[in-house]
Amino acid sequence: MISYDYTGKVVLVTGGTKGLGLGIVRAFTAAGAEVIVCARTPPKDPAAVDQGARFVQADVREPGDLERLFGGLDRLDVVVNNAGGAPYAMVAGTSPRLHARVIELNLTAPLLVAQRAHPLLAATGGAVIMIGSTSGTRPSPGTSAYGAAKAGLHHLAACLAAEWAPEVRVNTVVVGLARTENTAEHYNDRIDLINATIPAGRMAEPDDVGEVCLWLAGSRYVTGAQVLVHGGGETPAWKWLASDETSR
C-alpha cells in the first residue's frame with residue numbers, strides 16, 4: 001500500500017457528497033487534506049461527508065455560485081472536477097434544453113471551475129483532475145450528450161495541460177463502469193453478469209478512483225495524461241455472442 005500525506009493542502013471536490021465524489025473526498029481527508037465539497041444540494045446524511053471536509057452549496061454551472069465558492073478561498077492545491085452525470089434520454093424526441101444542460105454540467109462547468117481556480121493553483125503549483133468517462137471514448141446510446149461532453153472534457157484537459165504548464169498540471173481519470181449507491185437500481189439484478197464483462201471481474205469502486213486521484217495530485221511531472229480506471233475495459237459484445245457461454 002502507498003501512503004500519501006496531504007497535510008496543509010486544500011482540495012476542492014465538486015459533486016463530492018455521494019458516489020465517486022465521496023470516495024475521492026474520503027481519500028483526501030484520510031491523507032490529511034483540508035477538503036471543500038460543493039454540490040447543488042446538501043447531503044441527505046450529513047455524516048456522509050467526512051468530518052474533515054467542509055460543505056459549500058453551489059451549482060458549478062452558475063457563475064455567481066462559483067464566485068461565492070472561490071471568494072472564500074485564499075489557498076488551493078487541488079481541484080477535482082467530479083460533478084457530472086445525465087439521465088437516460090434518447091436524442092430523438094427529447095428536449096434540446098435537456099441536452100444543453102447535460103453539456104453544461106459535464107463540460108462547460110469543469111472549464112469554468114478550472115478557469116476560476118487557476119490563479120490559486122498557479123500560486124501553489126497545484127493540479128486539476130477531471131473525472132472523465134469511457135462513455136467519452138466509445139458509443140454511448142441513450143446518453144449521447146453526456147458521452148460527447150466527456151469526450152470534450154478529455155480534450156479540454158489536454159488543452160489546459162498545455163496552456164498552463166508548468167505551473168498547473170491537468171490530468172483526467174477516465175472511469176469505466178463503477179459501483180455507486182444507484183448501481184443496483186440502474187442494473188437491476190444483473191450486476192454479476194455485468195461484472196463478468198470486465199476483465200478485472202468487477203466494477204470500479206469509489207476508493208479505486210480516489211486512490212488514482214491521490215497519485216495524480218501528488219505527481220510533480222505528470223500532466224496531460226488520461227488514466228484509465230476501467231478494470232481492463234469492457235469485453236466486446238461479439239465475444240459473448242460467439243462464445244459457448246451464451247448458451248449456458
# chains A, B, ... in the order shown; residues from 1 in each chain; ligands from 1
>>> select_by_dssp(residues="range 78-205 of chain A", states="strand (DSSP E)", output="PyMOL selection string")
chain A and resi 78-81+127-133+169-175
>>> residues_around(residues="Glu67 in chain A", least_positions_apart="5", cutoff="10 Å", atoms="only C-alpha atoms", output="ChimeraX atom specification")
/A:58,60,62,72,113,116
>>> closest_atom_pairs(of="range 65-117 of chain A", to="range 207-230 of chain A", cutoff="12 Å", atoms="only C-alpha atoms", output="tab-separated table")
residue	atom	partner	partner_atom	distance
A:Asp77	CA	A:Ala217	CA	8.5
A:Val78	CA	A:Ala217	CA	6.6
A:Val79	CA	A:Ala217	CA	8.8
A:Val80	CA	A:Cys213	CA	8.0
A:Asn81	CA	A:Cys213	CA	10.9
A:Asn82	CA	A:Val209	CA	10.7
>>> closest_residue(among="A:Ser144, A:Thr124, A:Thr134, A:Thr183", to="Ile103 in chain A", atoms="only C-alpha atoms")
A:Ser144
>>> decode(residues="range 218-231 of chain A", atoms="N, CA and C atoms", output="compact mmCIF listing (two decimals), in the first residue's frame")
# COMPACT_ATOMS: atom_id res chain seq x y z
N GLY A 218 -0.43 14.29 -6.55
CA GLY A 218 0.89 14.37 -5.93
C GLY A 218 2.05 14.30 -6.90
N SER A 219 1.79 13.85 -8.12
CA SER A 219 2.88 13.75 -9.09
C SER A 219 3.36 15.14 -9.50
N ARG A 220 4.67 15.33 -9.54
CA ARG A 220 5.23 16.64 -9.87
C ARG A 220 5.47 16.81 -11.37
N TYR A 221 5.33 15.73 -12.14
CA TYR A 221 5.68 15.80 -13.56
C TYR A 221 4.53 15.44 -14.49
N VAL A 222 3.68 14.51 -14.07
CA VAL A 222 2.65 14.00 -14.97
C VAL A 222 1.60 15.08 -15.24
N THR A 223 1.39 15.41 -16.49
CA THR A 223 0.34 16.34 -16.89
C THR A 223 -0.11 16.00 -18.30
N GLY A 224 -1.36 16.30 -18.60
CA GLY A 224 -1.91 15.97 -19.92
C GLY A 224 -2.20 14.49 -20.10
N ALA A 225 -2.23 13.74 -18.99
CA ALA A 225 -2.41 12.29 -19.07
C ALA A 225 -3.88 11.90 -18.89
N GLN A 226 -4.21 10.76 -19.46
CA GLN A 226 -5.51 10.13 -19.22
C GLN A 226 -5.26 8.77 -18.59
N VAL A 227 -5.69 8.60 -17.35
CA VAL A 227 -5.50 7.34 -16.65
C VAL A 227 -6.81 6.56 -16.72
N LEU A 228 -6.76 5.38 -17.33
CA LEU A 228 -7.96 4.56 -17.49
C LEU A 228 -8.20 3.75 -16.22
N VAL A 229 -9.34 3.98 -15.60
CA VAL A 229 -9.73 3.22 -14.40
C VAL A 229 -11.00 2.45 -14.78
N HIS A 230 -10.78 1.38 -15.55
CA HIS A 230 -11.92 0.63 -16.08
C HIS A 230 -11.74 -0.88 -15.95
N GLY A 231 -10.76 -1.29 -15.16
CA GLY A 231 -10.58 -2.72 -14.92
C GLY A 231 -10.21 -3.52 -16.14
